[in-house]
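Chemist: One file is attached below, data28.txt, containing compact mmCIF, C-alpha atoms and all ligand atoms.
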```
# COMPACT_ATOMS: atom_id res chain seq x y z
CA MET A 1 21.29 16.15 16.33
CA ALA A 2 18.60 16.39 13.66
CA THR A 3 15.31 17.82 14.82
CA ALA A 4 11.89 16.54 13.84
CA ALA A 5 10.31 17.95 10.68
CA LYS A 6 7.62 20.60 11.33
CA ILE A 7 5.00 19.21 9.03
CA PRO A 8 1.47 20.65 9.44
CA VAL A 9 -1.35 18.48 10.81
CA ILE A 10 -4.69 18.89 9.01
CA ASP A 11 -8.16 17.71 10.00
CA LEU A 12 -10.10 17.02 6.81
CA SER A 13 -13.42 17.07 8.65
CA GLY A 14 -13.18 20.84 9.33
CA ASP A 15 -16.45 22.72 8.65
CA ASP A 16 -14.84 25.16 6.27
CA GLN A 17 -13.71 22.93 3.39
CA THR A 18 -12.34 25.89 1.43
CA GLN A 19 -9.99 26.58 4.33
CA VAL A 20 -9.06 22.89 4.59
CA ALA A 21 -8.22 22.94 0.85
CA LYS A 22 -6.09 26.05 1.28
CA ASP A 23 -4.21 24.61 4.27
CA LEU A 24 -3.57 21.41 2.35
CA VAL A 25 -2.18 23.27 -0.65
CA GLU A 26 0.07 25.47 1.52
CA ALA A 27 1.52 22.38 3.21
CA ALA A 28 2.01 20.70 -0.19
CA ILE A 29 3.86 23.79 -1.46
CA GLU A 30 5.99 24.34 1.62
CA HIS A 31 6.81 20.76 2.63
CA GLY A 32 5.37 18.31 0.08
CA PHE A 33 4.21 16.37 3.17
CA VAL A 34 1.18 16.78 5.42
CA TYR A 35 -0.26 14.80 8.31
CA ILE A 36 -3.91 13.90 7.88
CA ARG A 37 -5.34 13.61 11.35
CA ASN A 38 -6.83 10.17 11.78
CA THR A 39 -10.06 10.19 13.73
CA GLY A 40 -11.25 7.13 11.86
CA LYS A 41 -13.72 8.97 9.58
CA ASP A 42 -12.05 8.36 6.24
CA ILE A 43 -10.28 5.12 7.07
CA PRO A 44 -11.53 3.30 10.18
CA VAL A 45 -8.83 2.44 12.69
CA GLU A 46 -9.87 -1.24 12.58
CA ALA A 47 -9.26 -1.30 8.82
CA ILE A 48 -5.70 -0.03 9.35
CA ASP A 49 -5.04 -2.48 12.19
CA GLY A 50 -6.46 -5.26 10.03
CA ALA A 51 -4.22 -4.33 7.11
CA PHE A 52 -1.11 -4.39 9.32
CA ALA A 53 -2.15 -7.80 10.67
CA VAL A 54 -2.44 -9.18 7.11
CA SER A 55 0.90 -7.60 6.23
CA LYS A 56 2.63 -9.39 9.12
CA LYS A 57 1.03 -12.65 8.08
CA LEU A 58 2.16 -12.16 4.50
CA PHE A 59 5.79 -11.50 5.34
CA ASP A 60 5.81 -14.46 7.77
CA ALA A 61 4.53 -16.78 5.02
CA PRO A 62 6.95 -19.46 3.73
CA LEU A 63 9.59 -18.07 1.38
CA SER A 64 8.41 -20.32 -1.45
CA GLU A 65 4.94 -18.71 -1.35
CA LYS A 66 6.43 -15.23 -1.63
CA GLN A 67 8.89 -16.25 -4.33
CA ALA A 68 6.03 -17.59 -6.42
CA CYS A 69 4.69 -14.01 -6.46
CA THR A 70 7.96 -12.30 -7.40
CA ILE A 71 7.48 -8.77 -8.69
CA GLN A 72 6.94 -8.41 -12.43
CA LYS A 73 7.26 -5.52 -14.85
CA ASN A 74 3.64 -4.67 -14.11
CA ASN A 75 4.96 -3.57 -10.67
CA ARG A 76 2.88 -6.17 -8.84
CA GLY A 77 4.12 -8.79 -6.41
CA TRP A 78 6.86 -9.45 -3.89
CA SER A 79 10.27 -7.83 -3.89
CA ALA A 80 12.87 -9.57 -1.77
CA MET A 81 15.43 -8.01 0.53
CA ASN A 82 17.86 -5.73 -1.36
CA TYR A 83 16.02 -6.30 -4.67
CA GLU A 84 14.84 -2.73 -5.15
CA THR A 85 17.35 0.15 -5.07
CA LEU A 86 15.58 3.47 -4.72
CA ASP A 87 18.75 5.56 -4.97
CA PRO A 88 21.01 3.62 -7.35
CA ALA A 89 23.51 6.48 -7.71
CA ASN A 90 24.35 6.44 -4.00
CA GLN A 91 23.56 2.99 -2.61
CA ARG A 92 26.16 0.26 -2.27
CA ILE A 93 23.46 -2.38 -2.12
CA GLY A 94 19.69 -2.41 -2.46
CA ASP A 95 17.13 -1.37 0.14
CA PHE A 96 17.03 -3.39 3.37
CA LYS A 97 13.34 -4.16 3.10
CA GLU A 98 10.81 -6.61 1.74
CA ALA A 99 7.73 -5.32 -0.03
CA PHE A 100 4.54 -6.64 -1.59
CA ASN A 101 2.68 -4.59 -4.21
CA PHE A 102 -1.03 -5.07 -4.90
CA GLY A 103 -2.42 -3.70 -8.13
CA GLU A 104 -6.14 -3.42 -8.78
CA PHE A 105 -8.73 -5.89 -7.54
CA VAL A 106 -11.85 -6.82 -9.48
CA ASP A 107 -14.89 -7.78 -7.39
CA GLY A 108 -12.62 -8.27 -4.37
CA LYS A 109 -10.24 -10.55 -6.32
CA ALA A 110 -6.57 -9.78 -6.90
CA GLN A 111 -5.52 -9.75 -10.55
CA GLN A 112 -2.11 -11.19 -9.68
CA PRO A 113 -0.75 -14.18 -7.75
CA ILE A 114 -0.97 -13.80 -3.96
CA PRO A 115 0.51 -16.11 -1.30
CA PRO A 116 -2.02 -18.83 -0.28
CA THR A 117 -1.40 -17.86 3.37
CA ILE A 118 -3.29 -14.61 2.82
CA ALA A 119 -5.94 -15.97 0.42
CA PRO A 120 -8.62 -15.75 3.16
CA ASP A 121 -7.80 -12.05 3.51
CA GLU A 122 -8.12 -11.12 -0.15
CA ALA A 123 -11.45 -9.29 0.17
CA GLN A 124 -10.15 -7.39 3.20
CA ILE A 125 -7.09 -6.17 1.29
CA SER A 126 -9.30 -5.14 -1.60
CA ALA A 127 -11.59 -3.19 0.74
CA PHE A 128 -8.61 -1.44 2.34
CA ARG A 129 -7.26 -0.50 -1.08
CA ASP A 130 -10.68 0.97 -1.93
CA LEU A 131 -10.65 3.08 1.24
CA CYS A 132 -7.19 4.39 0.36
CA ASN A 133 -8.33 5.15 -3.16
CA ALA A 134 -11.39 7.06 -1.93
CA LEU A 135 -9.28 9.18 0.45
CA SER A 136 -6.78 9.86 -2.36
CA LEU A 137 -9.57 11.09 -4.62
CA LYS A 138 -10.84 13.37 -1.87
CA LEU A 139 -7.34 14.81 -1.44
CA ASN A 140 -6.99 15.32 -5.18
CA THR A 141 -10.26 17.24 -5.16
CA LEU A 142 -9.16 19.42 -2.25
CA LEU A 143 -5.85 20.14 -3.99
CA GLY A 144 -7.74 21.19 -7.12
CA ILE A 145 -9.97 23.51 -5.08
CA GLY A 146 -7.09 24.96 -3.06
CA LEU A 147 -5.06 25.66 -6.20
CA GLY A 148 -8.00 27.18 -8.04
CA VAL A 149 -7.68 24.70 -10.91
CA SER A 150 -10.35 25.01 -13.54
CA PRO A 151 -12.37 22.85 -13.30
CA PRO A 152 -11.61 22.05 -9.63
CA ASP A 153 -12.05 18.30 -10.22
CA PHE A 154 -9.33 18.31 -12.89
CA PHE A 155 -7.00 16.03 -10.86
CA THR A 156 -9.76 13.80 -9.58
CA SER A 157 -11.24 13.11 -12.98
CA ALA A 158 -7.81 11.94 -14.23
CA HIS A 159 -7.95 9.29 -11.50
CA LEU A 160 -11.38 7.84 -12.16
CA ARG A 161 -11.32 4.12 -12.91
CA SER A 162 -13.62 4.73 -15.85
CA ARG A 163 -10.76 6.57 -17.62
CA GLY A 164 -8.66 3.40 -17.83
CA PRO A 165 -6.12 1.35 -15.88
CA SER A 166 -3.69 3.17 -13.59
CA GLY A 167 -0.40 2.37 -11.88
CA SER A 168 -1.96 2.74 -8.39
CA ILE A 169 -0.40 0.34 -5.90
CA LEU A 170 -1.13 -0.69 -2.33
CA ARG A 171 2.22 -1.67 -0.84
CA PHE A 172 3.00 -3.56 2.34
CA LEU A 173 6.54 -3.01 3.63
CA ARG A 174 8.65 -4.81 6.20
CA TYR A 175 12.07 -3.54 7.25
CA PRO A 176 14.07 -5.98 9.40
CA PRO A 177 16.10 -4.70 12.36
CA ARG A 178 19.79 -4.29 11.63
CA SER A 179 20.58 -7.06 14.10
CA ALA A 180 18.51 -9.61 12.14
CA ILE A 181 20.39 -9.16 8.89
CA THR A 182 23.11 -11.74 8.52
CA GLU A 183 23.97 -11.72 4.82
CA LEU A 184 25.10 -8.40 3.33
CA ALA A 185 25.28 -6.91 6.81
CA PRO A 186 24.36 -3.22 6.55
CA GLY A 187 27.20 -0.74 6.88
CA ALA A 188 27.02 2.74 8.36
CA ASP A 189 25.82 4.32 5.11
CA ASP A 190 23.27 1.69 4.20
CA VAL A 191 19.60 2.56 4.40
CA ARG A 192 16.28 0.76 4.64
CA ALA A 193 14.96 2.71 1.63
CA GLY A 194 17.21 4.92 -0.47
CA ALA A 195 16.55 8.62 -1.06
CA HIS A 196 13.75 9.00 -3.61
CA SER A 197 10.61 10.86 -4.54
CA ASP A 198 7.38 8.97 -5.17
CA TYR A 199 6.30 8.13 -8.72
CA GLY A 200 2.56 8.79 -8.60
CA SER A 201 0.38 11.83 -7.96
CA LEU A 202 0.23 11.44 -4.18
CA THR A 203 1.02 8.84 -1.54
CA LEU A 204 -0.70 7.86 1.70
CA LEU A 205 1.56 6.36 4.33
CA PHE A 206 0.48 4.40 7.40
CA ARG A 207 2.98 3.84 10.18
CA LEU A 208 2.97 2.28 13.62
CA ARG A 209 3.63 4.01 16.92
CA GLY A 210 7.23 3.64 18.07
CA GLN A 211 8.56 2.71 14.60
CA PRO A 212 10.50 5.70 13.31
CA GLY A 213 12.91 5.84 10.39
CA LEU A 214 11.33 8.09 7.77
CA GLU A 215 13.29 11.26 6.97
CA ILE A 216 12.68 14.09 4.53
CA LEU A 217 15.24 16.24 2.76
CA LEU A 218 14.78 19.86 3.82
CA ARG A 219 14.81 22.86 1.48
CA ASP A 220 18.52 23.44 2.05
CA GLY A 221 19.05 20.27 0.00
CA LYS A 222 21.35 18.65 2.57
CA THR A 223 19.65 18.27 5.95
CA TRP A 224 17.69 15.10 6.64
CA SER A 225 14.89 15.65 9.12
CA PRO A 226 13.08 12.78 10.89
CA VAL A 227 9.29 12.61 10.54
CA PRO A 228 7.68 11.62 13.87
CA VAL A 229 4.94 8.99 13.70
CA VAL A 230 2.87 10.84 16.31
CA PRO A 231 3.34 14.61 15.97
CA PRO A 232 2.33 17.02 18.76
CA GLY A 233 -1.42 17.37 19.15
CA THR A 234 -2.26 13.88 17.89
CA GLU A 235 -1.12 11.86 20.90
CA ASP A 236 -4.70 11.15 22.00
CA ASP A 237 -6.10 10.32 18.56
CA PRO A 238 -7.18 6.71 18.06
CA ALA A 239 -4.41 6.16 15.50
CA PRO A 240 -1.32 8.01 14.27
CA PRO A 241 -2.07 10.46 11.46
CA ILE A 242 -1.91 9.29 7.86
CA LEU A 243 1.02 10.94 6.16
CA MET A 244 0.25 12.31 2.71
CA ASN A 245 2.98 13.36 0.34
CA ILE A 246 3.10 14.81 -3.13
CA GLY A 247 4.58 12.59 -5.86
CA ASP A 248 6.29 13.53 -9.12
CA LEU A 249 3.09 13.72 -11.16
CA LEU A 250 1.52 16.50 -9.08
CA SER A 251 4.88 18.28 -9.33
CA TYR A 252 4.74 18.05 -13.15
CA TRP A 253 1.12 19.14 -13.26
CA THR A 254 1.98 22.25 -11.23
CA ASN A 255 5.43 23.14 -12.66
CA GLY A 256 7.00 22.20 -9.33
CA LEU A 257 4.72 24.38 -7.17
CA LEU A 258 3.59 21.28 -5.26
CA ARG A 259 6.79 19.71 -3.99
CA SER A 260 7.72 16.13 -4.68
CA THR A 261 9.98 16.02 -1.64
CA VAL A 262 12.85 13.55 -1.45
CA HIS A 263 12.65 11.13 1.48
CA ARG A 264 14.28 7.93 2.74
CA VAL A 265 14.02 5.36 5.53
CA VAL A 266 16.99 4.80 7.83
CA PHE A 267 17.89 2.28 10.52
CA PRO A 268 17.15 3.55 14.02
CA SER A 269 20.15 5.34 15.49
CA GLY A 270 19.68 4.23 19.08
CA ASP A 271 18.77 7.50 20.77
CA SER A 272 15.53 9.33 20.12
CA PRO A 273 16.22 12.54 18.23
CA ALA A 274 14.65 15.71 19.63
CA GLY A 275 10.91 15.65 19.06
CA LEU A 276 10.90 11.90 18.54
CA GLU A 277 10.87 10.74 22.14
CA GLY A 278 9.60 7.20 22.45
CA GLU A 279 10.42 6.45 18.85
CA ALA A 280 13.68 4.55 19.12
CA ASP A 281 12.89 1.07 17.92
CA HIS A 282 15.07 -1.94 17.40
CA GLY A 283 12.59 -4.50 16.11
CA PRO A 284 11.24 -4.90 12.55
CA ARG A 285 9.44 -1.91 11.11
CA TYR A 286 6.19 -2.22 9.16
CA SER A 287 4.58 0.44 7.02
CA ILE A 288 1.85 0.54 4.39
CA ALA A 289 1.84 2.91 1.43
CA TYR A 290 -0.85 3.66 -1.12
CA PHE A 291 0.64 5.14 -4.26
CA CYS A 292 -2.11 6.93 -6.11
CA HIS A 293 -1.66 7.27 -9.88
CA PRO A 294 -3.93 8.74 -12.55
CA PHE A 295 -4.87 6.58 -15.54
CA GLY A 296 -1.83 5.58 -17.55
CA GLY A 297 -2.47 7.77 -20.60
CA THR A 298 -2.76 10.97 -18.53
CA GLU A 299 -0.79 13.81 -20.05
CA LEU A 300 1.36 15.66 -17.56
CA GLY A 301 1.43 19.23 -18.83
CA PRO A 302 0.70 22.11 -16.41
CA VAL A 303 -2.91 22.42 -15.23
CA PRO A 304 -5.12 25.45 -15.83
CA SER A 305 -4.52 27.45 -12.64
CA GLU A 306 -3.42 31.07 -12.21
CA ARG A 307 -1.43 30.09 -9.14
CA VAL A 308 0.54 27.55 -11.17
CA LYS A 309 1.01 29.98 -14.05
CA GLU A 310 2.40 32.62 -11.71
CA TYR A 311 4.82 30.26 -10.00
CA LYS A 312 8.39 30.93 -11.00
CA GLY A 313 10.14 29.16 -8.13
CA GLY A 314 12.39 26.14 -8.13
CA LEU A 315 11.84 22.42 -7.96
CA ALA A 316 12.12 20.16 -4.92
CA GLU A 317 15.74 19.95 -3.80
CA GLY A 318 17.71 16.86 -4.73
CA ASN A 319 14.90 15.49 -6.89
CA PRO A 320 16.19 14.82 -10.41
CA TYR A 321 12.66 13.79 -11.41
CA ALA A 322 10.78 16.89 -10.23
CA GLU A 323 10.98 18.33 -13.74
CA ARG A 324 8.92 16.58 -16.40
CA LYS A 325 10.96 14.44 -18.78
CA VAL A 326 8.15 12.41 -20.32
CA MET A 327 4.62 13.00 -21.51
CA THR A 328 2.35 10.47 -19.84
CA ALA A 329 1.87 8.85 -16.44
CA ASP A 330 2.72 5.39 -17.87
CA GLU A 331 5.95 6.61 -19.44
CA HIS A 332 7.01 8.14 -16.14
CA LEU A 333 6.26 4.99 -14.16
CA ARG A 334 8.23 2.86 -16.59
CA MET A 335 11.21 5.22 -16.41
CA ARG A 336 11.26 5.09 -12.60
CA LEU A 337 10.82 1.32 -12.36
CA GLU A 338 13.66 0.70 -14.82
CA ALA A 339 15.99 2.77 -12.62
CA SER A 340 15.15 1.03 -9.33
CA TYR A 341 14.77 -2.61 -10.47
CA THR A 342 17.91 -2.98 -12.57
CA GLN A 343 17.93 -6.78 -12.31
CA LEU A 344 14.36 -7.17 -13.47
CA TYR A 345 14.84 -4.94 -16.48
CA LYS A 346 18.30 -6.30 -17.34
CA GLU A 347 16.83 -9.80 -17.45
CA GLY A 348 14.21 -8.58 -19.90
CA LYS A 349 16.78 -7.03 -22.22
CA ALA A 350 19.06 -10.08 -22.34
O1 LIG A 401 8.16 3.12 4.99
C1 LIG A 401 8.13 4.34 4.93
O2 LIG A 401 8.02 5.04 5.93
C2 LIG A 401 8.24 5.07 3.61
C3 LIG A 401 8.28 4.19 2.41
C4 LIG A 401 8.44 4.95 1.14
O3 LIG A 401 8.84 6.09 1.10
C5 LIG A 401 8.06 4.30 -0.13
O4 LIG A 401 7.85 3.08 -0.14
O5 LIG A 401 7.98 5.02 -1.16
FE FE A 402 8.41 6.99 -0.85
```
Can you present the structure in this file as structure tokens?
Ligand SMILES: O=C(O)CCC(=O)C(=O)O
Ligand SMILES: [Fe+2]

Modeler:
Amino acid sequence: MATAAKIPVIDLSGDDQTQVAKDLVEAAIEHGFVYIRNTGKDIPVEAIDGAFAVSKKLFDAPLSEKQACTIQKNNRGWSAMNYETLDPANQRIGDFKEAFNFGEFVDGKAQQPIPPTIAPDEAQISAFRDLCNALSLKLNTLLGIGLGVSPPDFFTSAHLRSRGPSGSILRFLRYPPRSAITELAPGADDVRAGAHSDYGSLTLLFRLRGQPGLEILLRDGKTWSPVPVVPPGTEDDPAPPILMNIGDLLSYWTNGLLRSTVHRVVFPSGDSPAGLEGEADHGPRYSIAYFCHPFGGTELGPVPSERVKEYKGGLAEGNPYAERKVMTADEHLRMRLEASYTQLYKEGKA
């Protein structure tokens, strides 16, 4: 039986920030994933609880309200069950999930249609997105310091709003239990989210206790390893850690030194795998992701860092996108969206 991934847990509030930066970079090189201990300093626990409450409300809203917000080529809005296919080469049908993507807000107002059911919560969603953005900037700064990039704020400055619009997205996700799916009943090989790497620079992921399902592809390129929601040492924290992972753009910027690790979400298997006791769940699963992107025109060549220059290793296993194929952040995003939303882009070409 698969054993839980041994992903390091980091406390960003450590006194020695140089050490924190180094630990973060080592985890990003070795695993591409790191747990950020959540003691409520960067993102208050109430803000996370509040965001999950709004997410539940959103997905429970009448279908017509969600359909009126159907996802567009700007990557904003609602994607219905099976609409997105994260691993088109290997999936029989699309992901068994619903998702809602929020792009930027201006003065607390969404710049896209949102379901009337959550209109009273608009400012709260905007504030949560801001908190995620601030933590992402902090992590980008630490990565720059830990890698010895010159200047150390190289990554962060590519993410400043003043540089221009970015593809950053706050995403609410709801995965129904297998038992609740009547049409297109999932078969043994079907997944809640197909194997993929993330499209931005880095991702923050919020999960709920007892709702497992995320797996990462290990360095052998074939073993899937479950990622516990509450890893050892964090059981008494006020909230599960925030999971941070490296996306394709930080892989490009570092010639693959930082790993854009392939991951997926599966249906619960029934038993708790070793290290995941208490995480066998049969109800719906909710998660929230913040996909941090630099401004769209950002060029993705390798950054000025000796560590990056010296790196002659490989790219993340099973990730066909870990090597740069395009020049800018916008071009990359467009390439990835075209591959996972075939219907949306086919309609446009007709
Ligand atoms: O729901 C999760 O745990 C992960 C979702 C994910 O990987 C994604 O949306 O990119
Ligand atoms: Fe992902």

Chemist: So what do you get for CA of Asn101 (chain A) versus CA of Ala28 (chain A), distance-wise?

Modeler: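 Atom-to-atom, CA of Asn101 (chain A) and CA of Ala28 (chain A) are spaced 25.6 Å apart.
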
Chemist: Please check which protein, DNA or RNA residues sit within 8 Å of ligand LIG 401 (chain A), counting all atoms listed in the file, and write them as a list in words.

Modeler: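 The neighbouring residues of ligand LIG 401 (chain A) are, in order, Arg171, Leu173, Ala193, His196, Ser197, Asp198, Thr203, Leu205, Phe206, Arg207, Pro212, Gly213, Leu214, His263, Arg264, Val265, Tyr286, Ser287, Ile288, Ala289 and Phe291 of chain A.
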
Chemist: Between A:Asn38, A:Gln19, A:Ser201, A:Thr223, which one has atoms that come closest to ligand FE 402 (chain A), using only C-alpha atoms and all ligand atoms?

Modeler: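 The closest residue to ligand FE 402 (chain A) is A:Ser201.
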
Chemist: Point out the residue among A:Val191, A:Leu86, A:Leu170, A:Ala127 with the least atom-to-atom distance to ligand FE 402 (chain A), counting only C-alpha atoms and all ligand atoms.

Modeler: A:Leu86

Chemist: Which distance in Å separates CA of Leu250 (chain A) and CA of Pro165 (chain A), to one decimal?

Modeler: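 According to the coordinates, CA of Leu250 (chain A) and CA of Pro165 (chain A) are separated by 18.3 Å.
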
Chemist: If you take all atoms listed in the file and a cut-off of 10 Å, which residues of region 182-204 of chain A touch region 94-98 of chain A, and what are their nearest atom pairs and distances in Å to one decimal, in chain and number order, as JSON lines?

Modeler:
```
{"residue": "A:Leu184", "atom": "CA", "partner": "A:Phe96", "partner_atom": "CA", "distance": 9.5}
{"residue": "A:Ala185", "atom": "CA", "partner": "A:Phe96", "partner_atom": "CA", "distance": 9.6}
{"residue": "A:Pro186", "atom": "CA", "partner": "A:Phe96", "partner_atom": "CA", "distance": 8.0}
{"residue": "A:Asp190", "atom": "CA", "partner": "A:Asp95", "partner_atom": "CA", "distance": 8.0}
{"residue": "A:Val191", "atom": "CA", "partner": "A:Asp95", "partner_atom": "CA", "distance": 6.3}
{"residue": "A:Arg192", "atom": "CA", "partner": "A:Phe96", "partner_atom": "CA", "distance": 4.4}
{"residue": "A:Ala193", "atom": "CA", "partner": "A:Asp95", "partner_atom": "CA", "distance": 4.9}
{"residue": "A:Gly194", "atom": "CA", "partner": "A:Asp95", "partner_atom": "CA", "distance": 6.3}
```

Chemist: From the set A:Ala195, A:Ser168, A:Gly148, A:Lys22, which residue has the shortest atom-to-atom contact distance to ligand FE 402 (chain A), counting all atoms listed in the file?

Modeler: A:Ala195

Chemist: From the set A:Val9, A:Ala339, A:Val266, A:Leu257, which residue has the shortest atom-to-atom contact distance to Pro177 (chain A), counting all atoms listed in the file?

Modeler: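 Checking each of A:Val9, A:Ala339, A:Val266, A:Leu257 against Pro177 (chain A), counting all atoms listed in the file, the winner is A:Val266.
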
Chemist: Can you work out which one of A:Leu160, A:Met335, A:Leu204, A:Val227 has the shortest atom-to-atom distance to ligand FE 402 (chain A), counting all atoms listed in the file?

Modeler: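 Smallest separation from ligand FE 402 (chain A) among the options: A:Leu204.
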
Chemist: Measuring atom to atom with only C-alpha atoms, identify which of A:Gly50, A:Pro320, A:Gly77, A:Gly233 is nearest to Gln112 (chain A).

Modeler: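 Residue with the minimum atom-to-atom distance to Gln112 (chain A): A:Gly77.
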
Chemist: Given 8 Å on each side, where is the centre and what are the edge lengths in Å to one decimal of the axis-aligned box enclosing the listed atoms of region 180-188 of chain A, as JSON?

Modeler:
```
{"center_x": 22.9, "center_y": -4.5, "center_z": 7.7, "size_x": 24.7, "size_y": 30.5, "size_z": 24.8}
```

Chemist: How far is it from CA of Val303 (chain A) to CA of Val149 (chain A), in Å with one decimal?

Modeler: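 Spanning CA of Val303 (chain A) to CA of Val149 (chain A) is a straight-line distance of 6.8 Å.
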
Chemist: Using only C-alpha atoms, which residues sit within 10 Å of His332 (chain A) once same-chain residues fewer than 6 positions away are excluded, as a list of chain:residue names?

Modeler: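 Here the answer would be A:Tyr199, A:Gly200, A:Asp248, A:Leu249, A:Gly296, A:Leu300, A:Tyr321, A:Arg324, A:Lys325, A:Val326.
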
Chemist: Could you name the residues that touch region 144-146 of chain A at 8 Å or less, counting all atoms listed in the file, but leaving out those on the same chain fewer than 6 positions away, as a ChimeraX atom specification?

Modeler: /A:18,21-25,152-155
